[in-house]
$ cat work_36.cif   # mmCIF, C-alpha atoms and all ligand atoms
data_structure
loop_
_atom_site.group_PDB
_atom_site.id
_atom_site.type_symbol
_atom_site.label_atom_id
_atom_site.label_comp_id
_atom_site.auth_asym_id
_atom_site.auth_seq_id
_atom_site.Cartn_x
_atom_site.Cartn_y
_atom_site.Cartn_z
ATOM 1 C CA MET A 682 46.611 -151.436 -68.500
ATOM 2 C CA ILE A 683 45.473 -153.307 -65.378
ATOM 3 C CA LYS A 684 46.880 -150.557 -63.225
ATOM 4 C CA GLN A 685 44.910 -147.939 -65.118
ATOM 5 C CA THR A 686 41.674 -149.893 -64.756
ATOM 6 C CA THR A 687 42.231 -150.278 -61.017
ATOM 7 C CA LEU A 688 42.909 -146.583 -60.690
ATOM 8 C CA LEU A 689 39.707 -145.767 -62.544
ATOM 9 C CA ALA A 690 37.707 -148.142 -60.346
ATOM 10 C CA LEU A 691 39.180 -146.504 -57.240
ATOM 11 C CA LEU A 692 38.425 -143.069 -58.610
ATOM 12 C CA MET A 693 34.815 -144.031 -59.289
ATOM 13 C CA LEU A 694 34.505 -145.506 -55.800
ATOM 14 C CA SER A 695 35.807 -142.349 -54.201
ATOM 15 C CA MET A 696 33.454 -140.242 -56.332
ATOM 16 C CA GLY A 697 30.579 -142.428 -55.152
ATOM 17 C CA ALA A 698 31.593 -141.915 -51.563
ATOM 18 C CA PHE A 699 31.752 -138.182 -52.134
ATOM 19 C CA ALA A 700 28.282 -138.142 -53.665
ATOM 20 C CA GLN A 701 27.056 -140.027 -50.638
ATOM 21 C CA ARG A 702 28.653 -137.543 -48.261
ATOM 22 C CA SER A 703 27.112 -134.563 -50.008
ATOM 23 C CA TYR A 704 23.556 -135.816 -49.364
ATOM 24 C CA GLN A 705 22.081 -136.218 -45.917
ATOM 25 C CA ILE A 706 19.113 -138.062 -44.537
ATOM 26 C CA THR A 707 17.480 -137.642 -41.144
ATOM 27 C CA ILE A 708 15.027 -140.318 -40.128
ATOM 28 C CA ASN A 709 12.393 -138.984 -37.737
ATOM 29 C CA ASP A 710 11.719 -142.019 -35.633
ATOM 30 C CA PRO A 711 11.284 -141.607 -31.864
ATOM 31 C CA ASP A 712 11.187 -145.378 -31.644
ATOM 32 C CA SER A 713 14.342 -145.945 -33.703
ATOM 33 C CA SER A 714 15.971 -148.497 -31.395
ATOM 34 C CA SER A 715 13.354 -151.098 -32.247
ATOM 35 C CA HIS A 716 13.586 -150.505 -35.993
ATOM 36 C CA MET A 717 17.309 -150.301 -36.535
ATOM 37 C CA ALA A 718 17.455 -152.865 -39.334
ATOM 38 C CA LEU A 719 14.604 -151.229 -41.241
ATOM 39 C CA ASN A 720 16.049 -147.746 -40.817
ATOM 40 C CA GLU A 721 19.425 -148.914 -42.109
ATOM 41 C CA LYS A 722 17.690 -150.454 -45.131
ATOM 42 C CA LEU A 723 15.849 -147.183 -45.823
ATOM 43 C CA LYS A 724 19.044 -145.198 -45.441
ATOM 44 C CA SER A 725 20.868 -147.438 -47.905
ATOM 45 C CA ALA A 726 17.983 -147.166 -50.391
ATOM 46 C CA PHE A 727 18.079 -143.379 -50.004
ATOM 47 C CA PHE A 728 21.795 -143.197 -50.843
ATOM 48 C CA LYS A 729 21.266 -145.460 -53.862
ATOM 49 C CA VAL A 730 18.375 -143.466 -55.306
ATOM 50 C CA TYR A 731 18.468 -139.864 -54.130
ATOM 51 C CA PRO A 732 21.724 -138.711 -55.795
ATOM 52 C CA THR A 733 20.413 -139.940 -59.171
ATOM 53 C CA PHE A 734 17.071 -138.249 -58.572
ATOM 54 C CA ALA A 735 18.668 -134.995 -57.433
ATOM 55 C CA GLN A 736 21.088 -134.875 -60.360
ATOM 56 C CA ALA A 737 18.210 -135.446 -62.771
ATOM 57 C CA ASP A 738 15.886 -133.114 -60.905
ATOM 58 C CA GLY A 739 17.917 -130.174 -62.022
ATOM 59 C CA TYR A 740 18.104 -126.857 -60.409
ATOM 60 C CA ARG A 741 19.194 -126.535 -56.758
ATOM 61 C CA THR A 742 17.506 -129.680 -55.528
ATOM 62 C CA LYS A 743 17.739 -129.948 -51.732
ATOM 63 C CA ARG A 744 20.543 -132.151 -50.475
ATOM 64 C CA GLN A 745 19.184 -132.630 -46.982
ATOM 65 C CA VAL A 746 16.257 -134.944 -46.677
ATOM 66 C CA THR A 747 13.933 -135.838 -43.838
ATOM 67 C CA LEU A 748 12.222 -139.213 -43.745
ATOM 68 C CA GLU A 749 8.990 -139.645 -41.803
ATOM 69 C CA PHE A 750 6.814 -142.656 -41.201
ATOM 70 C CA ALA A 751 3.239 -142.175 -42.304
ATOM 71 C CA ASN A 752 0.749 -144.972 -42.079
ATOM 72 C CA GLU A 753 -1.913 -143.095 -44.008
ATOM 73 C CA ILE A 754 -0.022 -143.611 -47.279
ATOM 74 C CA PRO A 755 -0.022 -147.067 -48.895
ATOM 75 C CA ALA A 756 3.710 -147.399 -49.565
ATOM 76 C CA ILE A 757 6.273 -144.684 -50.140
ATOM 77 C CA ALA A 758 6.196 -141.074 -51.351
ATOM 78 C CA GLY A 759 8.978 -138.624 -52.010
ATOM 79 C CA LYS A 760 9.857 -135.172 -53.244
ATOM 80 C CA GLU A 761 12.964 -133.061 -52.868
ATOM 81 C CA GLY A 762 13.936 -132.887 -49.208
ATOM 82 C CA GLU A 763 11.178 -135.188 -48.043
ATOM 83 C CA ILE A 764 10.345 -138.893 -47.952
ATOM 84 C CA LYS A 765 7.309 -140.558 -46.390
ATOM 85 C CA VAL A 766 7.126 -144.279 -45.767
ATOM 86 C CA ASN A 767 4.470 -146.652 -44.544
ATOM 87 C CA ARG A 768 6.487 -148.702 -42.076
ATOM 88 C CA LYS A 769 4.395 -151.850 -42.429
ATOM 89 C CA TRP A 770 4.834 -151.754 -46.192
ATOM 90 C CA ALA A 771 8.606 -151.286 -45.922
ATOM 91 C CA GLU A 772 9.167 -153.995 -43.365
ATOM 92 C CA ASN A 773 8.242 -156.735 -45.835
ATOM 93 C CA LYS A 774 10.220 -155.351 -48.746
ATOM 94 C CA SER A 775 13.727 -156.110 -49.935
ATOM 95 C CA GLN A 776 16.080 -153.170 -50.304
ATOM 96 C CA LYS A 777 15.912 -153.512 -54.101
ATOM 97 C CA LYS A 778 12.100 -153.245 -54.029
ATOM 98 C CA ILE A 779 12.300 -150.178 -51.785
ATOM 99 C CA GLU A 780 14.808 -148.538 -54.119
ATOM 100 C CA LYS A 781 12.582 -149.150 -57.119
ATOM 101 C CA ALA A 782 9.470 -147.833 -55.361
ATOM 102 C CA LEU A 783 11.375 -144.786 -54.088
ATOM 103 C CA PHE A 784 12.597 -143.866 -57.569
ATOM 104 C CA GLU A 785 9.073 -144.346 -58.955
ATOM 105 C CA ALA A 786 7.791 -142.031 -56.198
ATOM 106 C CA PHE A 787 10.366 -139.365 -57.070
ATOM 107 C CA LYS A 788 9.504 -139.626 -60.763
ATOM 108 C CA LYS A 789 5.946 -138.520 -59.945
ATOM 109 C CA ASN A 790 7.375 -135.041 -59.268
ATOM 110 C CA TRP A 791 8.170 -134.737 -62.940
ATOM 111 C CA ASN A 792 5.589 -134.027 -65.606
ATOM 112 C CA SER A 793 7.258 -136.392 -67.978
ATOM 113 C CA TYR A 794 10.108 -138.858 -67.922
ATOM 114 C CA SER A 795 11.327 -140.869 -70.860
ATOM 115 C CA VAL A 796 14.428 -142.678 -72.023
ATOM 116 C CA ASP A 797 15.057 -142.965 -75.771
ATOM 117 C CA LYS A 798 17.855 -144.995 -77.344
ATOM 118 C CA LYS A 799 19.129 -144.989 -80.878
ATOM 119 C CA GLY A 800 22.346 -146.086 -82.569
ATOM 120 C CA GLY A 801 24.272 -146.553 -79.322
ATOM 121 C CA TYR A 802 23.180 -143.222 -77.858
ATOM 122 C CA SER A 803 20.588 -142.572 -75.182
ATOM 123 C CA LEU A 804 18.668 -139.549 -74.024
ATOM 124 C CA THR A 805 16.801 -139.303 -70.745
ATOM 125 C CA PHE A 806 14.266 -136.509 -70.975
ATOM 126 C CA ILE A 807 12.655 -135.014 -67.886
ATOM 127 C CA SER A 808 10.169 -132.189 -67.948
ATOM 128 C CA LYS A 809 9.116 -130.322 -64.827
ATOM 129 C CA ASP A 810 6.907 -128.063 -66.903
ATOM 130 C CA PRO A 811 3.289 -129.227 -67.227
ATOM 131 C CA GLY A 812 2.895 -126.781 -70.114
ATOM 132 C CA LEU A 813 5.799 -128.008 -72.247
ATOM 133 C CA ASP A 814 4.618 -128.204 -75.856
ATOM 134 C CA LEU A 815 4.806 -131.842 -76.997
ATOM 135 C CA ALA A 816 5.997 -130.773 -80.427
ATOM 136 C CA VAL A 817 8.906 -128.843 -78.861
ATOM 137 C CA ARG A 818 9.706 -131.824 -76.650
ATOM 138 C CA LYS A 819 9.861 -134.072 -79.702
ATOM 139 C CA LYS A 820 12.016 -131.596 -81.631
ATOM 140 C CA LEU A 821 14.543 -131.392 -78.776
ATOM 141 C CA ILE A 822 14.794 -135.195 -78.663
ATOM 142 C CA ASP A 823 15.043 -135.511 -82.462
ATOM 143 C CA THR A 824 17.709 -132.797 -82.611
ATOM 144 C CA TYR A 825 19.775 -134.610 -79.985
ATOM 145 C CA PHE A 826 19.801 -137.829 -82.026
ATOM 146 C CA GLU A 827 20.459 -135.912 -85.222
ATOM 147 C CA ILE A 828 23.342 -133.737 -84.042
ATOM 148 C CA TYR A 829 25.016 -135.219 -80.973
ATOM 149 C CA PRO A 830 26.514 -138.367 -82.576
ATOM 150 C CA THR A 831 28.002 -136.146 -85.308
ATOM 151 C CA LEU A 832 29.597 -133.826 -82.746
ATOM 152 C CA VAL A 833 30.993 -136.772 -80.774
ATOM 153 C CA LYS A 834 32.487 -138.358 -83.898
ATOM 154 C CA THR A 835 33.855 -135.063 -85.208
ATOM 155 C CA PHE A 836 35.357 -133.613 -82.034
ATOM 156 C CA ASN A 837 35.656 -136.108 -79.184
ATOM 157 C CA ASP A 838 34.856 -139.782 -79.575
ATOM 158 C CA LYS A 839 35.467 -140.333 -75.848
ATOM 159 C CA SER A 840 32.431 -138.253 -75.007
ATOM 160 C CA THR A 841 29.532 -139.871 -73.150
ATOM 161 C CA HIS A 842 26.738 -141.563 -75.123
ATOM 162 C CA ASP A 843 24.192 -141.010 -72.356
ATOM 163 C CA VAL A 844 22.770 -137.548 -72.014
ATOM 164 C CA LEU A 845 20.117 -136.077 -69.762
ATOM 165 C CA PHE A 846 17.823 -133.179 -70.715
ATOM 166 C CA VAL A 847 15.863 -131.424 -67.972
ATOM 167 C CA VAL A 848 13.248 -128.741 -68.665
ATOM 168 C CA ASP A 849 12.819 -126.747 -65.488
ATOM 169 C CA THR A 850 10.424 -123.900 -64.675
ATOM 170 C CA ALA A 851 12.624 -122.720 -61.773
ATOM 171 C CA TYR A 852 15.597 -122.112 -64.066
ATOM 172 C CA LYS A 853 15.503 -118.647 -65.613
ATOM 173 C CA ALA A 854 18.464 -118.394 -68.019
ATOM 174 C CA VAL A 855 18.400 -120.060 -71.478
ATOM 175 C CA ALA A 856 20.167 -123.377 -71.021
ATOM 176 C CA GLU A 857 23.328 -124.751 -69.465
ATOM 177 C CA ALA A 858 25.364 -127.920 -69.592
ATOM 178 C CA SER A 859 27.127 -129.577 -66.686
ATOM 179 C CA GLY A 860 28.530 -133.077 -66.847
ATOM 180 C CA ASN A 861 26.121 -135.024 -69.059
ATOM 181 C CA ARG A 862 23.109 -132.920 -68.111
ATOM 182 C CA ILE A 863 21.571 -130.044 -70.014
ATOM 183 C CA LEU A 864 19.168 -127.829 -68.180
ATOM 184 C CA PHE A 865 16.641 -125.923 -70.306
ATOM 185 C CA SER A 866 14.571 -122.989 -69.141
ATOM 186 C CA ALA A 867 10.872 -123.813 -69.602
ATOM 187 C CA GLY A 868 10.109 -120.111 -70.041
ATOM 188 C CA TYR A 869 12.721 -119.710 -72.772
ATOM 189 C CA LEU A 870 11.431 -122.730 -74.710
ATOM 190 C CA LYS A 871 7.905 -121.376 -74.525
ATOM 191 C CA ALA A 872 9.015 -117.988 -75.850
ATOM 192 C CA HIS A 873 11.391 -119.453 -78.489
ATOM 193 C CA PRO A 874 9.882 -122.775 -79.647
ATOM 194 C CA THR A 875 11.865 -122.787 -82.901
ATOM 195 C CA ASP A 876 15.277 -122.373 -81.251
ATOM 196 C CA ILE A 877 16.097 -126.087 -81.329
ATOM 197 C CA ASP A 878 19.776 -125.543 -82.057
ATOM 198 C CA VAL A 879 20.220 -124.590 -78.426
ATOM 199 C CA VAL A 880 20.650 -128.378 -78.359
ATOM 200 C CA THR A 881 23.592 -128.094 -80.759
ATOM 201 C CA HIS A 882 25.327 -125.383 -78.699
ATOM 202 C CA GLU A 883 24.742 -127.119 -75.361
ATOM 203 C CA THR A 884 25.598 -130.663 -76.448
ATOM 204 C CA MET A 885 28.823 -129.229 -77.871
ATOM 205 C CA HIS A 886 29.650 -128.198 -74.289
ATOM 206 C CA ILE A 887 29.326 -131.869 -73.273
ATOM 207 C CA VAL A 888 31.634 -132.847 -76.143
ATOM 208 C CA GLN A 889 34.092 -130.079 -75.190
ATOM 209 C CA GLY A 890 34.417 -131.423 -71.640
ATOM 210 C CA TYR A 891 37.404 -129.144 -70.980
ATOM 211 C CA GLY A 892 37.152 -129.253 -67.195
ATOM 212 C CA TYR A 893 38.388 -126.349 -65.154
ATOM 213 C CA SER A 894 40.786 -123.600 -66.292
ATOM 214 C CA ALA A 895 41.485 -125.055 -69.730
ATOM 215 C CA GLY A 896 41.050 -121.732 -71.499
ATOM 216 C CA PRO A 897 39.063 -118.490 -71.487
ATOM 217 C CA VAL A 898 35.257 -118.581 -71.423
ATOM 218 C CA TRP A 899 34.962 -116.499 -74.622
ATOM 219 C CA LEU A 900 36.866 -119.236 -76.453
ATOM 220 C CA THR A 901 34.698 -122.074 -75.089
ATOM 221 C CA GLU A 902 31.501 -120.166 -75.941
ATOM 222 C CA GLY A 903 32.845 -118.968 -79.280
ATOM 223 C CA ILE A 904 33.589 -122.566 -80.277
ATOM 224 C CA ALA A 905 30.115 -123.741 -79.154
ATOM 225 C CA ASP A 906 28.441 -121.029 -81.257
ATOM 226 C CA TYR A 907 30.762 -121.657 -84.213
ATOM 227 C CA VAL A 908 29.708 -125.312 -84.030
ATOM 228 C CA ARG A 909 26.073 -124.262 -83.835
ATOM 229 C CA TYR A 910 26.633 -122.128 -86.932
ATOM 230 C CA LYS A 911 28.319 -124.921 -88.870
ATOM 231 C CA TYR A 912 26.374 -127.997 -87.721
ATOM 232 C CA GLY A 913 23.091 -126.538 -86.440
ATOM 233 C CA VAL A 914 20.115 -128.305 -88.021
ATOM 234 C CA ASP A 915 17.759 -125.337 -88.457
ATOM 235 C CA ASN A 916 19.364 -121.972 -87.830
ATOM 236 C CA VAL A 917 17.226 -120.582 -90.647
ATOM 237 C CA GLY A 918 14.003 -121.689 -88.938
ATOM 238 C CA SER A 919 14.996 -119.977 -85.700
ATOM 239 C CA LYS A 920 16.289 -116.864 -87.533
ATOM 240 C CA TRP A 921 19.620 -117.328 -85.762
ATOM 241 C CA SER A 922 22.601 -115.761 -87.503
ATOM 242 C CA LEU A 923 26.063 -114.368 -86.929
ATOM 243 C CA PRO A 924 26.025 -110.580 -86.545
ATOM 244 C CA ASN A 925 27.961 -108.479 -89.055
ATOM 245 C CA TYR A 926 31.347 -107.143 -88.026
ATOM 246 C CA SER A 927 31.439 -103.734 -86.374
ATOM 247 C CA GLU A 928 34.328 -101.699 -84.991
ATOM 248 C CA LYS A 929 33.020 -101.941 -81.458
ATOM 249 C CA GLN A 930 33.499 -105.692 -81.400
ATOM 250 C CA SER A 931 36.294 -107.792 -79.928
ATOM 251 C CA TYR A 932 36.949 -111.506 -80.192
ATOM 252 C CA LYS A 933 36.465 -111.535 -76.424
ATOM 253 C CA ASN A 934 32.799 -110.608 -76.888
ATOM 254 C CA SER A 935 32.255 -114.362 -77.050
ATOM 255 C CA TYR A 936 29.289 -116.281 -78.535
ATOM 256 C CA ARG A 937 28.179 -115.247 -82.037
ATOM 257 C CA ILE A 938 30.669 -112.395 -82.491
ATOM 258 C CA THR A 939 33.576 -114.742 -81.791
ATOM 259 C CA ALA A 940 31.900 -117.468 -83.866
ATOM 260 C CA ARG A 941 31.793 -115.223 -86.958
ATOM 261 C CA PHE A 942 35.501 -114.475 -86.515
ATOM 262 C CA PHE A 943 36.111 -118.240 -86.332
ATOM 263 C CA ALA A 944 34.147 -118.783 -89.544
ATOM 264 C CA TRP A 945 36.400 -116.176 -91.184
ATOM 265 C CA LEU A 946 39.551 -117.860 -89.787
ATOM 266 C CA GLU A 947 38.401 -121.233 -91.116
ATOM 267 C CA GLN A 948 37.703 -119.698 -94.531
ATOM 268 C CA TYR A 949 40.771 -117.526 -95.047
ATOM 269 C CA VAL A 950 43.486 -118.553 -92.576
ATOM 270 C CA LYS A 951 43.392 -122.226 -91.673
ATOM 271 C CA PRO A 952 40.669 -124.798 -92.259
ATOM 272 C CA GLY A 953 40.399 -127.154 -89.274
ATOM 273 C CA LEU A 954 41.743 -124.526 -86.868
ATOM 274 C CA ILE A 955 38.753 -124.666 -84.516
ATOM 275 C CA ALA A 956 38.776 -128.467 -84.193
ATOM 276 C CA ASN A 957 42.500 -128.243 -83.439
ATOM 277 C CA LEU A 958 42.011 -125.623 -80.710
ATOM 278 C CA ASP A 959 39.137 -127.677 -79.307
ATOM 279 C CA SER A 960 41.333 -130.738 -78.881
ATOM 280 C CA GLN A 961 44.153 -128.663 -77.353
ATOM 281 C CA LEU A 962 41.702 -127.223 -74.830
ATOM 282 C CA ARG A 963 40.501 -130.705 -73.917
ATOM 283 C CA ALA A 964 44.091 -131.883 -73.446
ATOM 284 C CA HIS A 965 44.799 -128.759 -71.348
ATOM 285 C CA GLN A 966 47.532 -127.823 -73.821
ATOM 286 C CA TYR A 967 46.007 -124.589 -75.054
ATOM 287 C CA THR A 968 47.897 -121.322 -74.482
ATOM 288 C CA GLU A 969 47.890 -117.989 -76.338
ATOM 289 C CA GLN A 970 50.934 -119.350 -78.156
ATOM 290 C CA SER A 971 48.639 -121.954 -79.774
ATOM 291 C CA TRP A 972 47.411 -119.265 -82.210
ATOM 292 C CA VAL A 973 50.962 -118.477 -83.276
ATOM 293 C CA ASN A 974 51.884 -122.137 -83.624
ATOM 294 C CA LEU A 975 48.845 -122.858 -85.780
ATOM 295 C CA THR A 976 48.637 -119.698 -87.906
ATOM 296 C CA GLY A 977 51.926 -117.830 -87.535
ATOM 297 C CA LYS A 978 50.093 -114.896 -85.941
ATOM 298 C CA THR A 979 48.861 -113.885 -82.498
ATOM 299 C CA ILE A 980 45.136 -113.761 -81.788
ATOM 300 C CA ASP A 981 45.305 -109.939 -81.764
ATOM 301 C CA GLN A 982 47.045 -109.866 -85.154
ATOM 302 C CA LEU A 983 44.421 -112.222 -86.556
ATOM 303 C CA TRP A 984 41.598 -110.024 -85.246
ATOM 304 C CA GLU A 985 43.350 -106.987 -86.761
ATOM 305 C CA ASP A 986 43.424 -108.749 -90.163
ATOM 306 C CA TYR A 987 39.758 -109.694 -89.767
ATOM 307 C CA SER A 988 38.754 -106.133 -88.921
ATOM 308 C CA LYS A 989 40.396 -104.853 -92.114
ATOM 309 C CA ASN A 990 38.438 -107.174 -94.360
ATOM 310 C CA PRO A 991 35.676 -108.938 -92.438
ATOM 311 C CA VAL A 992 33.857 -110.343 -95.458
ATOM 312 C CA VAL A 993 32.938 -113.984 -94.953
ATOM 313 C CA GLU A 994 30.676 -116.313 -96.863
ATOM 314 C CA LEU A 995 28.099 -117.766 -94.489
ATOM 315 C CA LYS A 996 25.761 -120.700 -95.093
ATOM 316 C CA TYR A 997 23.027 -121.682 -92.663
ATOM 317 C CA ASN A 998 21.285 -125.037 -92.473
ATOM 318 C CA SER A 999 17.534 -125.279 -92.544
ATOM 319 C CA LYS A 1000 14.883 -127.978 -92.224
HETATM 320 ZN ZN ZN A 1101 27.411 -121.975 -73.915
#

$ encode --input "work_36.cif" --output "structure tokens"
Amino acid sequence: MIKQTTLLALLMLSMGAFAQRSYQITINDPDSSSHMALNEKLKSAFFKVYPTFAQADGYRTKRQVTLEFANEIPAIAGKEGEIKVNRKWAENKSQKKIEKALFEAFKKNWNSYSVDKKGGYSLTFISKDPGLDLAVRKKLIDTYFEIYPTLVKTFNDKSTHDVLFVVDTAYKAVAEASGNRILFSAGYLKAHPTDIDVVTHETMHIVQGYGYSAGPVWLTEGIADYVRYKYGVDNVGSKWSLPNYSEKQSYKNSYRITARFFAWLEQYVKPGLIANLDSQLRAHQYTEQSWVNLTGKTIDQLWEDYSKNPVVELKYNSK
């Protein structure tokens, strides 16, 4: 037990060091020799604050930052790739105070920043879209607290309780999850304000947490859409549904096509199958043989059976 804890602490330390190495700061100070202590303090504050800012900032935030001294500003200002500091202000401040002011300065780049907590779960919500509809913002937050604890309890109780949502105008796809962060396209939300169960699909990716090369992408995405189908809070309101079977389809089509096949498998072959595959994927124990072990048939045989009689009873949740 002690050994495991030590190993984890070491692992976290080395991850911290890596994060530090992947960001760079250049302090533009021709007179640096007479300000070494201050510059070291600023550098340390940068490494404490910038990785958190950049991770929260979302899409392709610059990793190389230049710091300049500027006496025309009262204290400290910052945006991606750039920090400005009033030297006189900084000289009298503790490192902690500088860190706090720096993070506050970075936050000004965002149109909104909030942290909500409920029932042991938290959601940090950042919007970089000045036009984000407040009603949509509220629905995304409410959906998180409504669905995420259920997904964690149902599929993976080791999953994080702290999630970050970022709405970004520079991001052009629909949404994506990485680590504990979900990035939403501002444009997509504007065009599809009722599609709140994107939250269900994406937070399921956090719960899945399979890591690399655990299984095929169609399976990961098929599970996330099956979960959206089954647990989604308002698929009716967003007119989201599973498309009918057609001969052109394959289970490898992924997303909703695979999800409908999974609904059929759960109904006619083996209830609980998807949760079982999900936990095998997380444990990196999934292989094609998993289908045979769980159902007595290969995935191709199962799809063949489905194609012969693809009738399935579907029920969608609504608000
Ligand atoms: Zn997905």

$ residues_near_ligand --input "work_36.cif" --ligand "ligand ZN 1101 (chain A)" --cutoff "9 Å" --atoms "only C-alpha atoms and all ligand atoms" --output "PyMOL selection string"
chain A and resi 856-858+879+882-883+885-886+898+901-906+936

$ resolve_selection --input "work_36.cif" --expression "the PyMOL selection byres (((chain A and resi 860-863) around 12) and not hetatm)" --output "PyMOL selection string"
chain A and resi 733+735-740+803-808+821+825+829+840-849+852+855-859+864-866+879-892

$ resolve_selection --input "work_36.cif" --expression "the PyMOL selection byres (((chain A and resi 728) around 9) and not hetatm)" --output "PDB file with C-alpha atoms, in the coordinates of the input"
ATOM      1  CA  ALA A 700      28.282-138.142 -53.665  1.00  0.00           C
ATOM      2  CA  GLN A 701      27.056-140.027 -50.638  1.00  0.00           C
ATOM      3  CA  TYR A 704      23.556-135.816 -49.364  1.00  0.00           C
ATOM      4  CA  GLN A 705      22.081-136.218 -45.917  1.00  0.00           C
ATOM      5  CA  ILE A 706      19.113-138.062 -44.537  1.00  0.00           C
ATOM      6  CA  LEU A 723      15.849-147.183 -45.823  1.00  0.00           C
ATOM      7  CA  LYS A 724      19.044-145.198 -45.441  1.00  0.00           C
ATOM      8  CA  SER A 725      20.868-147.438 -47.905  1.00  0.00           C
ATOM      9  CA  ALA A 726      17.983-147.166 -50.391  1.00  0.00           C
ATOM     10  CA  PHE A 727      18.079-143.379 -50.004  1.00  0.00           C
ATOM     11  CA  LYS A 729      21.266-145.460 -53.862  1.00  0.00           C
ATOM     12  CA  VAL A 730      18.375-143.466 -55.306  1.00  0.00           C
ATOM     13  CA  TYR A 731      18.468-139.864 -54.130  1.00  0.00           C
ATOM     14  CA  PRO A 732      21.724-138.711 -55.795  1.00  0.00           C
TER      15      PRO A 732
END

$ atom_distance --input "work_36.cif" --atom1 "CA of Ala782 (chain A)" --atom2 "CA of Val766 (chain A)"
10.5 Å

$ atom_distance --input "work_36.cif" --atom1 "CA of Ala872 (chain A)" --atom2 "CA of Asn916 (chain A)"
16.3 Å

$ resolve_selection --input "work_36.cif" --expression "the PyMOL selection byres (((chain A and resi 767-781) around 12) and not hetatm)" --output "MDAnalysis selection string"
chainID A and resid 710 712:713 716:731 733:734 748:759 764:766 782:788

$ atom_distance --input "work_36.cif" --atom1 "CA of Gly953 (chain A)" --atom2 "CA of Asp823 (chain A)"
27.6 Å

$ residues_around --input "work_36.cif" --residues "region 812-818 of chain A" --least-positions-apart "5" --cutoff "10 Å" --atoms "all atoms listed in the file" --output "VMD selection string"
chain A and resid 792 to 793 806 to 807 823 848 to 850 867 to 868 870 to 871 873 to 877

$ closest_residue --input "work_36.cif" --among "A:Thr835, A:Thr707, A:Ser795, A:Ser988" --to "Asp959 (chain A)" --atoms "all atoms listed in the file"
A:Thr835

$ residues_around --input "work_36.cif" --residues "Glu761 (chain A)" --least-positions-apart "2" --cutoff "7 Å" --atoms "all atoms listed in the file" --output "list in words"
Thr742, Lys743, Gly759 and Glu763 of chain A

$ residues_around --input "work_36.cif" --residues "Ser922 (chain A)" --least-positions-apart "5" --cutoff "12 Å" --atoms "only C-alpha atoms" --output "PyMOL selection string"
chain A and resi 876+878+906-907+909-911+913+915-917+936-938+940-941+995-999

$ residues_near_point --input "work_36.cif" --point "(37.1, -112.3, -88.2)" --cutoff "8 Å" --atoms "only C-alpha atoms" --output "list in words"
Tyr926, Thr939, Arg941, Phe942, Phe943, Ala944, Trp945, Leu946, Leu983, Trp984, Asp986, Tyr987, Ser988 and Pro991 of chain A

$ closest_residue --input "work_36.cif" --among "A:Val973, A:Leu962, A:Val993, A:Leu832" --to "Glu947 (chain A)" --atoms "all atoms listed in the file"
A:Val993

$ decode --input "work_36.cif" --residues "region 764-775 of chain A" --atoms "N, CA and C atoms" --output "PDB file, in the first residue's frame"
ATOM      1  N   ILE A 764       3.129  37.902 -21.573  1.00  0.00           N
ATOM      2  CA  ILE A 764       2.867  38.438 -20.225  1.00  0.00           C
ATOM      3  C   ILE A 764       3.525  39.804 -20.125  1.00  0.00           C
ATOM      4  N   LYS A 765       2.825  40.760 -19.501  1.00  0.00           N
ATOM      5  CA  LYS A 765       3.410  42.068 -19.247  1.00  0.00           C
ATOM      6  C   LYS A 765       3.353  42.356 -17.756  1.00  0.00           C
ATOM      7  N   VAL A 766       4.453  42.878 -17.232  1.00  0.00           N
ATOM      8  CA  VAL A 766       4.521  43.098 -15.786  1.00  0.00           C
ATOM      9  C   VAL A 766       5.072  44.487 -15.499  1.00  0.00           C
ATOM     10  N   ASN A 767       4.449  45.157 -14.557  1.00  0.00           N
ATOM     11  CA  ASN A 767       5.017  46.381 -14.010  1.00  0.00           C
ATOM     12  C   ASN A 767       6.047  45.954 -12.953  1.00  0.00           C
ATOM     13  N   ARG A 768       7.301  46.269 -13.223  1.00  0.00           N
ATOM     14  CA  ARG A 768       8.368  45.748 -12.356  1.00  0.00           C
ATOM     15  C   ARG A 768       8.241  46.252 -10.914  1.00  0.00           C
ATOM     16  N   LYS A 769       7.911  47.513 -10.781  1.00  0.00           N
ATOM     17  CA  LYS A 769       7.770  48.090  -9.429  1.00  0.00           C
ATOM     18  C   LYS A 769       6.699  47.359  -8.626  1.00  0.00           C
ATOM     19  N   TRP A 770       5.599  47.071  -9.317  1.00  0.00           N
ATOM     20  CA  TRP A 770       4.496  46.344  -8.661  1.00  0.00           C
ATOM     21  C   TRP A 770       4.977  44.966  -8.193  1.00  0.00           C
ATOM     22  N   ALA A 771       5.699  44.276  -9.091  1.00  0.00           N
ATOM     23  CA  ALA A 771       6.096  42.890  -8.802  1.00  0.00           C
ATOM     24  C   ALA A 771       7.140  42.794  -7.706  1.00  0.00           C
ATOM     25  N   GLU A 772       7.992  43.803  -7.651  1.00  0.00           N
ATOM     26  CA  GLU A 772       9.084  43.741  -6.671  1.00  0.00           C
ATOM     27  C   GLU A 772       8.596  43.614  -5.236  1.00  0.00           C
ATOM     28  N   ASN A 773       7.453  44.227  -4.942  1.00  0.00           N
ATOM     29  CA  ASN A 773       6.936  44.195  -3.566  1.00  0.00           C
ATOM     30  C   ASN A 773       6.017  43.024  -3.273  1.00  0.00           C
ATOM     31  N   LYS A 774       5.809  42.165  -4.261  1.00  0.00           N
ATOM     32  CA  LYS A 774       4.809  41.111  -4.082  1.00  0.00           C
ATOM     33  C   LYS A 774       5.446  39.754  -3.796  1.00  0.00           C
ATOM     34  N   SER A 775       4.741  38.974  -2.977  1.00  0.00           N
ATOM     35  CA  SER A 775       5.183  37.596  -2.740  1.00  0.00           C
ATOM     36  C   SER A 775       4.885  36.775  -4.005  1.00  0.00           C
TER      37      SER A 775
END
